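> Got query_13.txt for you, compact mmCIF, N, CA and C atoms:
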# COMPACT_ATOMS: atom_id res chain seq x y z
N MET A 879 111.71 134.69 4.34
CA MET A 879 110.93 134.07 5.40
C MET A 879 111.35 134.68 6.73
N ASN A 880 110.40 135.21 7.46
CA ASN A 880 110.64 135.79 8.78
C ASN A 880 110.38 134.76 9.86
N ASN A 881 111.33 134.56 10.74
CA ASN A 881 111.15 133.67 11.88
C ASN A 881 110.57 134.46 13.03
N ILE A 882 109.35 134.13 13.41
CA ILE A 882 108.74 134.73 14.58
C ILE A 882 108.78 133.68 15.68
N ILE A 883 109.44 134.03 16.78
CA ILE A 883 109.63 133.10 17.88
C ILE A 883 108.81 133.58 19.07
N ILE A 884 107.95 132.71 19.60
CA ILE A 884 107.14 133.02 20.77
C ILE A 884 107.77 132.33 21.97
N TYR A 885 108.09 133.11 23.00
CA TYR A 885 108.57 132.56 24.26
C TYR A 885 107.46 132.73 25.28
N SER A 886 107.01 131.59 25.83
CA SER A 886 105.84 131.61 26.68
C SER A 886 105.97 130.59 27.81
N THR A 887 105.22 130.83 28.89
CA THR A 887 105.16 129.87 29.98
C THR A 887 104.01 128.90 29.80
N LYS A 888 103.18 129.14 28.79
CA LYS A 888 102.03 128.28 28.52
C LYS A 888 101.86 128.12 27.01
N ALA A 889 101.11 127.15 26.61
CA ALA A 889 100.83 126.95 25.18
C ALA A 889 99.93 128.08 24.69
N MET A 890 100.23 128.61 23.53
CA MET A 890 99.45 129.72 22.96
C MET A 890 99.11 129.42 21.50
N PRO A 891 98.33 128.36 21.24
CA PRO A 891 98.04 128.00 19.85
C PRO A 891 97.24 129.06 19.10
N GLU A 892 96.38 129.83 19.81
CA GLU A 892 95.59 130.86 19.13
C GLU A 892 96.49 131.99 18.64
N LEU A 893 97.49 132.36 19.42
CA LEU A 893 98.43 133.39 18.99
C LEU A 893 99.28 132.89 17.84
N GLU A 894 99.74 131.66 17.92
CA GLU A 894 100.55 131.07 16.86
C GLU A 894 99.76 131.05 15.55
N ALA A 895 98.49 130.68 15.60
CA ALA A 895 97.65 130.64 14.41
C ALA A 895 97.46 132.04 13.82
N LEU A 896 97.28 133.04 14.68
CA LEU A 896 97.10 134.41 14.19
C LEU A 896 98.36 134.96 13.54
N LEU A 897 99.52 134.62 14.08
CA LEU A 897 100.77 135.15 13.54
C LEU A 897 101.14 134.54 12.20
N PHE A 898 100.54 133.41 11.85
CA PHE A 898 100.77 132.85 10.52
C PHE A 898 100.25 133.79 9.44
N ASP A 899 99.34 134.71 9.81
CA ASP A 899 98.81 135.69 8.87
C ASP A 899 99.76 136.86 8.64
N ALA A 900 100.82 136.96 9.43
CA ALA A 900 101.80 138.04 9.25
C ALA A 900 102.56 137.81 7.95
N ASP A 901 103.22 138.84 7.49
CA ASP A 901 103.93 138.79 6.21
C ASP A 901 105.00 137.70 6.18
N ASP A 902 104.76 136.64 5.39
CA ASP A 902 105.77 135.63 5.11
C ASP A 902 106.46 135.15 6.39
N ALA A 903 105.70 134.57 7.31
CA ALA A 903 106.23 134.24 8.63
C ALA A 903 106.24 132.74 8.90
N ASP A 904 107.29 132.32 9.60
CA ASP A 904 107.40 130.98 10.15
C ASP A 904 107.35 131.15 11.66
N VAL A 905 106.30 130.63 12.30
CA VAL A 905 106.07 130.87 13.72
C VAL A 905 106.36 129.60 14.51
N ARG A 906 107.16 129.75 15.57
CA ARG A 906 107.48 128.64 16.45
C ARG A 906 107.37 129.10 17.90
N THR A 907 106.97 128.17 18.78
CA THR A 907 106.82 128.48 20.20
C THR A 907 107.81 127.68 21.02
N PHE A 908 108.45 128.36 21.98
CA PHE A 908 109.39 127.72 22.89
C PHE A 908 109.07 128.12 24.31
N ASP A 909 109.54 127.31 25.26
CA ASP A 909 109.41 127.65 26.67
C ASP A 909 110.27 128.88 26.95
N ILE A 910 109.78 129.73 27.83
CA ILE A 910 110.47 130.99 28.10
C ILE A 910 111.85 130.77 28.71
N SER A 911 112.10 129.61 29.31
CA SER A 911 113.41 129.32 29.88
C SER A 911 114.48 129.16 28.79
N GLN A 912 114.08 128.96 27.55
CA GLN A 912 115.02 128.81 26.44
C GLN A 912 115.34 130.13 25.75
N MET A 913 114.88 131.22 26.31
CA MET A 913 115.05 132.52 25.66
C MET A 913 116.52 132.93 25.55
N LYS A 914 117.35 132.49 26.47
CA LYS A 914 118.77 132.86 26.41
C LYS A 914 119.46 132.26 25.18
N ASP A 915 118.88 131.22 24.57
CA ASP A 915 119.42 130.59 23.38
C ASP A 915 118.71 131.06 22.11
N TYR A 916 118.25 132.30 22.10
CA TYR A 916 117.46 132.84 21.00
C TYR A 916 118.20 132.79 19.66
N ALA A 917 119.52 132.94 19.66
CA ALA A 917 120.28 133.08 18.42
C ALA A 917 120.22 131.82 17.55
N ILE A 918 119.98 130.68 18.16
CA ILE A 918 119.88 129.42 17.40
C ILE A 918 118.76 129.50 16.37
N ASN A 919 117.69 130.21 16.70
CA ASN A 919 116.50 130.26 15.84
C ASN A 919 116.52 131.40 14.83
N ASN A 920 117.53 132.28 14.87
CA ASN A 920 117.65 133.40 13.96
C ASN A 920 116.32 134.17 13.83
N PRO A 921 115.83 134.76 14.93
CA PRO A 921 114.52 135.39 14.89
C PRO A 921 114.52 136.74 14.19
N ALA A 922 113.42 137.02 13.49
CA ALA A 922 113.17 138.34 12.94
C ALA A 922 112.31 139.14 13.92
N LEU A 923 111.58 138.42 14.77
CA LEU A 923 110.73 139.02 15.80
C LEU A 923 110.59 138.03 16.94
N ILE A 924 110.70 138.54 18.17
CA ILE A 924 110.48 137.72 19.35
C ILE A 924 109.22 138.21 20.04
N VAL A 925 108.35 137.28 20.40
CA VAL A 925 107.13 137.60 21.14
C VAL A 925 107.28 137.00 22.53
N VAL A 926 107.12 137.83 23.57
CA VAL A 926 107.29 137.39 24.95
C VAL A 926 105.96 137.52 25.67
N GLU A 927 105.51 136.40 26.23
CA GLU A 927 104.21 136.37 26.90
C GLU A 927 104.31 136.77 28.36
N ASN A 928 105.42 136.48 29.04
CA ASN A 928 105.55 136.75 30.47
C ASN A 928 106.83 137.54 30.72
N ILE A 929 106.68 138.83 30.96
CA ILE A 929 107.84 139.71 31.13
C ILE A 929 108.64 139.32 32.36
N GLN A 930 107.96 139.01 33.45
CA GLN A 930 108.66 138.66 34.69
C GLN A 930 109.55 137.45 34.50
N ALA A 931 109.06 136.41 33.84
CA ALA A 931 109.84 135.19 33.64
C ALA A 931 111.01 135.41 32.70
N ALA A 932 110.91 136.40 31.82
CA ALA A 932 111.96 136.67 30.84
C ALA A 932 112.93 137.76 31.30
N ASN A 933 112.74 138.30 32.48
CA ASN A 933 113.51 139.44 32.94
C ASN A 933 115.02 139.20 32.91
N GLU A 934 115.47 138.04 33.35
CA GLU A 934 116.91 137.75 33.38
C GLU A 934 117.49 137.72 31.96
N ALA A 935 116.81 137.05 31.04
CA ALA A 935 117.30 136.98 29.65
C ALA A 935 117.28 138.36 29.01
N LEU A 936 116.30 139.19 29.35
CA LEU A 936 116.21 140.53 28.77
C LEU A 936 117.36 141.41 29.24
N MET A 937 117.79 141.24 30.49
CA MET A 937 118.85 142.08 31.03
C MET A 937 120.23 141.64 30.59
N THR A 938 120.41 140.37 30.27
CA THR A 938 121.75 139.87 29.97
C THR A 938 122.05 139.73 28.47
N ASN A 939 121.07 139.92 27.61
CA ASN A 939 121.28 139.76 26.17
C ASN A 939 120.93 141.03 25.42
N LYS A 940 121.61 141.23 24.31
CA LYS A 940 121.22 142.29 23.38
C LYS A 940 120.64 141.60 22.16
N PHE A 941 119.36 141.80 21.93
CA PHE A 941 118.65 141.10 20.88
C PHE A 941 118.77 141.85 19.56
N PRO A 942 119.13 141.16 18.48
CA PRO A 942 119.30 141.81 17.18
C PRO A 942 117.99 141.95 16.41
N CYS A 943 116.88 141.85 17.13
CA CYS A 943 115.57 141.92 16.48
C CYS A 943 114.59 142.60 17.43
N PRO A 944 113.46 143.07 16.93
CA PRO A 944 112.45 143.67 17.79
C PRO A 944 111.77 142.62 18.68
N ILE A 945 111.18 143.10 19.78
CA ILE A 945 110.47 142.24 20.72
C ILE A 945 109.07 142.81 20.94
N LEU A 946 108.07 141.93 20.91
CA LEU A 946 106.69 142.31 21.22
C LEU A 946 106.31 141.66 22.54
N PHE A 947 105.93 142.48 23.52
CA PHE A 947 105.56 141.99 24.85
C PHE A 947 104.04 141.96 25.00
N PHE A 948 103.54 140.91 25.65
CA PHE A 948 102.13 140.84 26.00
C PHE A 948 101.97 141.30 27.44
N GLY A 949 100.94 142.06 27.70
CA GLY A 949 100.69 142.54 29.05
C GLY A 949 100.75 144.05 29.09
N GLU A 950 100.77 144.58 30.29
CA GLU A 950 100.78 146.03 30.45
C GLU A 950 102.13 146.63 30.11
N ALA A 951 102.12 147.85 29.61
CA ALA A 951 103.37 148.55 29.30
C ALA A 951 104.05 148.89 30.61
N ARG A 952 105.29 148.43 30.76
CA ARG A 952 106.01 148.62 32.02
C ARG A 952 107.30 149.37 31.76
N ARG A 953 107.75 150.05 32.78
CA ARG A 953 108.99 150.80 32.66
C ARG A 953 110.04 150.33 33.67
N ASP A 954 109.74 149.30 34.44
CA ASP A 954 110.64 148.87 35.49
C ASP A 954 111.53 147.68 35.10
N PHE A 955 111.78 147.52 33.82
CA PHE A 955 112.68 146.47 33.38
C PHE A 955 113.52 146.99 32.22
N THR A 956 114.64 146.32 31.99
CA THR A 956 115.56 146.73 30.95
C THR A 956 115.46 145.79 29.77
N VAL A 957 115.42 146.36 28.57
CA VAL A 957 115.42 145.55 27.36
C VAL A 957 116.36 146.20 26.35
N ARG A 958 117.23 145.38 25.78
CA ARG A 958 118.16 145.85 24.76
C ARG A 958 117.84 145.10 23.48
N SER A 959 117.20 145.81 22.55
CA SER A 959 116.79 145.18 21.30
C SER A 959 116.70 146.24 20.21
N GLU A 960 116.43 145.81 18.99
CA GLU A 960 116.28 146.73 17.86
C GLU A 960 115.05 147.61 18.02
N GLY A 961 114.12 147.19 18.80
CA GLY A 961 112.89 147.93 19.05
C GLY A 961 111.97 147.03 19.87
N HIS A 962 110.99 147.62 20.51
CA HIS A 962 110.03 146.80 21.24
C HIS A 962 108.69 147.51 21.31
N ASP A 963 107.67 146.72 21.58
CA ASP A 963 106.31 147.23 21.65
C ASP A 963 105.54 146.38 22.65
N PHE A 964 104.44 146.90 23.16
CA PHE A 964 103.58 146.19 24.09
C PHE A 964 102.20 146.04 23.48
N ILE A 965 101.55 144.94 23.78
CA ILE A 965 100.16 144.76 23.40
C ILE A 965 99.43 144.14 24.58
N VAL A 966 98.26 144.68 24.88
CA VAL A 966 97.50 144.25 26.04
C VAL A 966 96.68 143.01 25.69
N ASP A 967 96.66 142.05 26.60
CA ASP A 967 95.86 140.84 26.42
C ASP A 967 94.56 141.03 27.17
N PRO A 968 93.39 140.84 26.65
CA PRO A 968 93.07 140.30 25.34
C PRO A 968 93.32 141.33 24.25
N PHE A 969 93.75 140.85 23.11
CA PHE A 969 94.14 141.72 22.02
C PHE A 969 93.18 141.56 20.86
N LYS A 970 93.18 142.55 19.98
CA LYS A 970 92.40 142.47 18.75
C LYS A 970 93.32 141.94 17.65
N LYS A 971 92.78 141.06 16.82
CA LYS A 971 93.58 140.43 15.77
C LYS A 971 94.20 141.47 14.85
N ASP A 972 93.43 142.46 14.42
CA ASP A 972 93.94 143.47 13.49
C ASP A 972 95.07 144.28 14.12
N GLU A 973 94.91 144.65 15.39
CA GLU A 973 95.95 145.42 16.07
C GLU A 973 97.23 144.59 16.20
N LEU A 974 97.09 143.32 16.53
CA LEU A 974 98.26 142.45 16.66
C LEU A 974 99.01 142.36 15.34
N LEU A 975 98.29 142.13 14.23
CA LEU A 975 98.95 142.00 12.93
C LEU A 975 99.62 143.29 12.50
N VAL A 976 99.00 144.43 12.78
CA VAL A 976 99.60 145.72 12.43
C VAL A 976 100.90 145.91 13.21
N ARG A 977 100.90 145.61 14.50
CA ARG A 977 102.11 145.78 15.31
C ARG A 977 103.20 144.81 14.90
N VAL A 978 102.83 143.57 14.63
CA VAL A 978 103.82 142.57 14.21
C VAL A 978 104.43 142.98 12.87
N ASN A 979 103.60 143.36 11.91
CA ASN A 979 104.12 143.77 10.60
C ASN A 979 105.00 145.02 10.70
N ALA A 980 104.65 145.95 11.60
CA ALA A 980 105.48 147.15 11.79
C ALA A 980 106.84 146.78 12.37
N LEU A 981 106.87 145.87 13.33
CA LEU A 981 108.15 145.45 13.92
C LEU A 981 108.98 144.67 12.90
N LEU A 982 108.34 143.88 12.06
CA LEU A 982 109.07 143.16 11.01
C LEU A 982 109.65 144.13 9.98
N ARG A 983 108.92 145.21 9.68
CA ARG A 983 109.44 146.23 8.76
C ARG A 983 110.64 146.95 9.37
N ILE A 984 110.58 147.22 10.67
CA ILE A 984 111.72 147.83 11.35
C ILE A 984 112.96 146.96 11.19
N LYS A 985 112.81 145.67 11.41
CA LYS A 985 113.93 144.74 11.27
C LYS A 985 114.46 144.74 9.84
N ALA A 986 113.58 144.70 8.85
CA ALA A 986 114.00 144.67 7.45
C ALA A 986 114.73 145.96 7.07
N ILE A 987 114.23 147.09 7.52
CA ILE A 987 114.87 148.37 7.20
C ILE A 987 116.24 148.48 7.86
N LYS A 988 116.35 148.06 9.11
CA LYS A 988 117.66 148.12 9.78
C LYS A 988 118.66 147.17 9.13
N ASP A 989 118.21 146.00 8.70
CA ASP A 989 119.10 145.07 8.00
C ASP A 989 119.58 145.67 6.68
N LYS A 990 118.65 146.31 5.95
CA LYS A 990 119.02 146.94 4.68
C LYS A 990 119.98 148.10 4.91
N LEU A 991 119.74 148.89 5.93
CA LEU A 991 120.63 150.00 6.26
C LEU A 991 122.03 149.49 6.60
N GLU A 992 122.12 148.42 7.36
CA GLU A 992 123.42 147.84 7.70
C GLU A 992 124.14 147.36 6.45
N ARG A 993 123.41 146.69 5.57
CA ARG A 993 124.00 146.18 4.33
C ARG A 993 124.48 147.33 3.43
N VAL A 994 123.66 148.37 3.29
CA VAL A 994 124.01 149.50 2.44
C VAL A 994 125.21 150.27 3.01
N SER A 995 125.30 150.37 4.31
CA SER A 995 126.38 151.15 4.91
C SER A 995 127.72 150.42 4.90
N THR A 996 127.74 149.12 4.62
CA THR A 996 129.00 148.38 4.65
C THR A 996 129.41 147.82 3.29
N THR A 997 128.64 148.08 2.24
CA THR A 997 129.00 147.57 0.92
C THR A 997 128.98 148.68 -0.13
N ASP A 998 129.76 148.49 -1.16
CA ASP A 998 129.80 149.43 -2.27
C ASP A 998 128.65 149.11 -3.22
N ASP A 999 127.91 150.14 -3.64
CA ASP A 999 126.76 149.94 -4.54
C ASP A 999 127.16 149.33 -5.88
N LEU A 1000 128.23 149.81 -6.44
CA LEU A 1000 128.63 149.40 -7.77
C LEU A 1000 129.18 147.98 -7.81
N THR A 1001 130.10 147.69 -6.91
CA THR A 1001 130.77 146.38 -6.96
C THR A 1001 130.15 145.34 -6.05
N GLY A 1002 129.44 145.78 -5.00
CA GLY A 1002 128.88 144.84 -4.04
C GLY A 1002 129.90 144.33 -3.03
N LEU A 1003 131.12 144.90 -3.08
CA LEU A 1003 132.18 144.49 -2.16
C LEU A 1003 132.08 145.29 -0.86
N HIS A 1004 132.64 144.71 0.20
CA HIS A 1004 132.65 145.41 1.48
C HIS A 1004 133.54 146.64 1.41
N ASN A 1005 133.15 147.68 2.14
CA ASN A 1005 133.91 148.93 2.12
C ASN A 1005 134.83 149.03 3.34
N ARG A 1006 135.48 150.18 3.46
CA ARG A 1006 136.44 150.40 4.54
C ARG A 1006 135.78 150.31 5.92
N LYS A 1007 134.57 150.80 6.05
CA LYS A 1007 133.86 150.75 7.33
C LYS A 1007 133.71 149.30 7.79
N TYR A 1008 133.32 148.44 6.89
CA TYR A 1008 133.17 147.03 7.22
C TYR A 1008 134.51 146.44 7.64
N LEU A 1009 135.56 146.76 6.91
CA LEU A 1009 136.89 146.25 7.21
C LEU A 1009 137.32 146.68 8.61
N GLN A 1010 137.12 147.94 8.95
CA GLN A 1010 137.49 148.43 10.28
C GLN A 1010 136.71 147.71 11.38
N GLU A 1011 135.40 147.53 11.19
CA GLU A 1011 134.58 146.83 12.18
C GLU A 1011 135.04 145.40 12.38
N ARG A 1012 135.25 144.69 11.28
CA ARG A 1012 135.69 143.29 11.36
C ARG A 1012 137.07 143.17 11.99
N LEU A 1013 137.96 144.11 11.66
CA LEU A 1013 139.31 144.09 12.23
C LEU A 1013 139.24 144.25 13.74
N GLU A 1014 138.43 145.19 14.21
CA GLU A 1014 138.26 145.39 15.66
C GLU A 1014 137.69 144.14 16.32
N GLU A 1015 136.69 143.51 15.69
CA GLU A 1015 136.10 142.28 16.23
C GLU A 1015 137.14 141.16 16.33
N GLU A 1016 137.92 141.00 15.29
CA GLU A 1016 138.92 139.93 15.27
C GLU A 1016 140.05 140.18 16.27
N ILE A 1017 140.45 141.43 16.42
CA ILE A 1017 141.49 141.75 17.41
C ILE A 1017 140.98 141.46 18.81
N SER A 1018 139.77 141.86 19.12
CA SER A 1018 139.22 141.61 20.46
C SER A 1018 138.97 140.12 20.69
N ARG A 1019 138.61 139.40 19.64
CA ARG A 1019 138.39 137.96 19.77
C ARG A 1019 139.70 137.23 20.03
N SER A 1020 140.76 137.66 19.38
CA SER A 1020 142.04 136.98 19.56
C SER A 1020 142.69 137.37 20.87
Let's see the structure in the file written out as structure tokens.


Amino acid sequence: MNNIIIYSTKAMPELEALLFDADDADVRTFDISQMKDYAINNPALIVVENIQAANEALMTNKFPCPILFFGEARRDFTVRSEGHDFIVDPFKKDELLVRVNALLRIKAIKDKLERVSTTDDLTGLHNRKYLQERLEEEISRS
């Protein structure tokens, strides 16, 4: 099940209804002011309706999932995520679904790549790379 989270300044029931057609998706909408707490929802894809209102959250967080922005493609803001795309409003349903499914595939492939690079194929146990990464994380945390 893919969690698609919409952050918006207004209610977007038509977009929410369209995204239910995406591959195996659970779609929820939140106010854009809650974007800094994105990790609670474990998103596979984040949809942002208002880039200006989300600018602070985009600059201060590194998102572990792709982001789809509504509006014009802009280059004057910073986004740190697994990938991102823009779609112009008004949008075509088919184009929206193709872009959403492509971003969800990007997330699935990157997750699989991470899993394959840190586990042994035969035993399923974590390898030395994983151990080194976790050790560094734990040392910095302590």

> May I have the residues within 5 Å of A:Ile965 as a PyMOL selection string, using only N, CA and C atoms and disregarding those fewer than 3 positions away in the same chain?

chain A and resi 947-949

> Taking the chain letters and numbering used in this document, name the residues of chain A that DSSP puts in strand (DSSP E or B), as a ChimeraX atom specification.

/A:880-886,903-909,923-926,940,945-948,958,962-965,997,1004

> Can those selected residues be exported to a file as a compact mmCIF listing (two decimals), in the coordinates of the input so that it contains N, CA and C atoms?


# COMPACT_ATOMS: atom_id res chain seq x y z
N ASN A 880 110.40 135.21 7.46
CA ASN A 880 110.64 135.79 8.78
C ASN A 880 110.38 134.76 9.86
N ASN A 881 111.33 134.56 10.74
CA ASN A 881 111.15 133.67 11.88
C ASN A 881 110.57 134.46 13.03
N ILE A 882 109.35 134.13 13.41
CA ILE A 882 108.74 134.73 14.58
C ILE A 882 108.78 133.68 15.68
N ILE A 883 109.44 134.03 16.78
CA ILE A 883 109.63 133.10 17.88
C ILE A 883 108.81 133.58 19.07
N ILE A 884 107.95 132.71 19.60
CA ILE A 884 107.14 133.02 20.77
C ILE A 884 107.77 132.33 21.97
N TYR A 885 108.09 133.11 23.00
CA TYR A 885 108.57 132.56 24.26
C TYR A 885 107.46 132.73 25.28
N SER A 886 107.01 131.59 25.83
CA SER A 886 105.84 131.61 26.68
C SER A 886 105.97 130.59 27.81
N ALA A 903 105.70 134.57 7.31
CA ALA A 903 106.23 134.24 8.63
C ALA A 903 106.24 132.74 8.90
N ASP A 904 107.29 132.32 9.60
CA ASP A 904 107.40 130.98 10.15
C ASP A 904 107.35 131.15 11.66
N VAL A 905 106.30 130.63 12.30
CA VAL A 905 106.07 130.87 13.72
C VAL A 905 106.36 129.60 14.51
N ARG A 906 107.16 129.75 15.57
CA ARG A 906 107.48 128.64 16.45
C ARG A 906 107.37 129.10 17.90
N THR A 907 106.97 128.17 18.78
CA THR A 907 106.82 128.48 20.20
C THR A 907 107.81 127.68 21.02
N PHE A 908 108.45 128.36 21.98
CA PHE A 908 109.39 127.72 22.89
C PHE A 908 109.07 128.12 24.31
N ASP A 909 109.54 127.31 25.26
CA ASP A 909 109.41 127.65 26.67
C ASP A 909 110.27 128.88 26.95
N LEU A 923 111.58 138.42 14.77
CA LEU A 923 110.73 139.02 15.80
C LEU A 923 110.59 138.03 16.94
N ILE A 924 110.70 138.54 18.17
CA ILE A 924 110.48 137.72 19.35
C ILE A 924 109.22 138.21 20.04
N VAL A 925 108.35 137.28 20.40
CA VAL A 925 107.13 137.60 21.14
C VAL A 925 107.28 137.00 22.53
N VAL A 926 107.12 137.83 23.57
CA VAL A 926 107.29 137.39 24.95
C VAL A 926 105.96 137.52 25.67
N LYS A 940 121.61 141.23 24.31
CA LYS A 940 121.22 142.29 23.38
C LYS A 940 120.64 141.60 22.16
N ILE A 945 111.18 143.10 19.78
CA ILE A 945 110.47 142.24 20.72
C ILE A 945 109.07 142.81 20.94
N LEU A 946 108.07 141.93 20.91
CA LEU A 946 106.69 142.31 21.22
C LEU A 946 106.31 141.66 22.54
N PHE A 947 105.93 142.48 23.52
CA PHE A 947 105.56 141.99 24.85
C PHE A 947 104.04 141.96 25.00
N PHE A 948 103.54 140.91 25.65
CA PHE A 948 102.13 140.84 26.00
C PHE A 948 101.97 141.30 27.44
N ARG A 958 117.23 145.38 25.78
CA ARG A 958 118.16 145.85 24.76
C ARG A 958 117.84 145.10 23.48
N HIS A 962 110.99 147.62 20.51
CA HIS A 962 110.03 146.80 21.24
C HIS A 962 108.69 147.51 21.31
N ASP A 963 107.67 146.72 21.58
CA ASP A 963 106.31 147.23 21.65
C ASP A 963 105.54 146.38 22.65
N PHE A 964 104.44 146.90 23.16
CA PHE A 964 103.58 146.19 24.09
C PHE A 964 102.20 146.04 23.48
N ILE A 965 101.55 144.94 23.78
CA ILE A 965 100.16 144.76 23.40
C ILE A 965 99.43 144.14 24.58
N THR A 997 128.64 148.08 2.24
CA THR A 997 129.00 147.57 0.92
C THR A 997 128.98 148.68 -0.13
N HIS A 1004 132.64 144.71 0.20
CA HIS A 1004 132.65 145.41 1.48
C HIS A 1004 133.54 146.64 1.41

> At a cut-off of 8 Å, can you tabulate as a tab-separated table every residue of stretch 882-911 of chain A near stretch 928-946 of chain A together with its closest atom pair and the distance in Å to one decimal, using only N, CA and C atoms and ordering rows by chain then number?


residue	atom	partner	partner_atom	distance
A:Tyr885	C	A:Asn928	N	5.7
A:Ser886	CA	A:Asn928	N	5.4
A:Thr887	N	A:Asn928	N	5.7
A:Lys888	N	A:Asn928	N	7.7
A:Ile910	C	A:Ala931	C	6.2
A:Ser911	N	A:Ala931	C	6.8

> Within 6 Å of stretch 890-905 of chain A, counting all atoms listed in the file, which residues show up once you throw out same-chain ones fewer than 6 positions away? Write them as an mmCIF file with N, CA and C atoms, in the frame of the given file, please.


data_model
loop_
_atom_site.group_PDB
_atom_site.id
_atom_site.type_symbol
_atom_site.label_atom_id
_atom_site.label_comp_id
_atom_site.auth_asym_id
_atom_site.auth_seq_id
_atom_site.Cartn_x
_atom_site.Cartn_y
_atom_site.Cartn_z
ATOM 1 N N MET A 879 111.710 134.690 4.340
ATOM 2 C CA MET A 879 110.930 134.070 5.400
ATOM 3 C C MET A 879 111.350 134.680 6.730
ATOM 4 N N ASN A 880 110.400 135.210 7.460
ATOM 5 C CA ASN A 880 110.640 135.790 8.780
ATOM 6 C C ASN A 880 110.380 134.760 9.860
ATOM 7 N N ASN A 881 111.330 134.560 10.740
ATOM 8 C CA ASN A 881 111.150 133.670 11.880
ATOM 9 C C ASN A 881 110.570 134.460 13.030
ATOM 10 N N ILE A 882 109.350 134.130 13.410
ATOM 11 C CA ILE A 882 108.740 134.730 14.580
ATOM 12 C C ILE A 882 108.780 133.680 15.680
ATOM 13 N N ILE A 883 109.440 134.030 16.780
ATOM 14 C CA ILE A 883 109.630 133.100 17.880
ATOM 15 C C ILE A 883 108.810 133.580 19.070
ATOM 16 N N ASN A 979 103.600 143.360 11.910
ATOM 17 C CA ASN A 979 104.120 143.770 10.600
ATOM 18 C C ASN A 979 105.000 145.020 10.700
#

> I'd like to know which of A:Lys914, A:Glu973, A:Val994, A:Pro921 is closest to A:Glu960, using only C-alpha atoms.

A:Pro921

> Would you mind telling me which residue in A:Asp989, A:Glu927, A:Asp954, A:Asp998 lies nearest to A:Asp967 when using only C-alpha atoms?

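Ranking A:Asp989, A:Glu927, A:Asp954, A:Asp998 by distance to A:Asp967, first place goes to A:Glu927.
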
> Between atom N of A:Lys1007 and atom C of A:Arg993, what distance in Å does the model show, to one decimal?

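About the pair atom N of A:Lys1007 and atom C of A:Arg993: they are 11.0 Å apart.
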
> To one decimal place in Å, what is the distance between atom N of A:Glu950 and atom CA of A:Val966?

5.4 Å

> Kindly give the distance, in Å, that separates atom CA of A:Tyr1008 and atom CA of A:Thr996, rounded to a single decimal.

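Answer for the atom CA of A:Tyr1008 to atom CA of A:Thr996 separation: 5.1 Å.
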
> Determine the nearest neighbour of A:Leu923 from the options A:Arg1006, A:Lys985, A:Lys971, A:Arg953, counting all atoms listed in the file.

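Closest candidate: A:Lys985.
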
> Residues of stretch 881-977 of chain A classed as helix (DSSP H, G or I) by DSSP on the backbone are to be reported as a ChimeraX atom specification.

/A:891-897,910-919,929-938,971-977
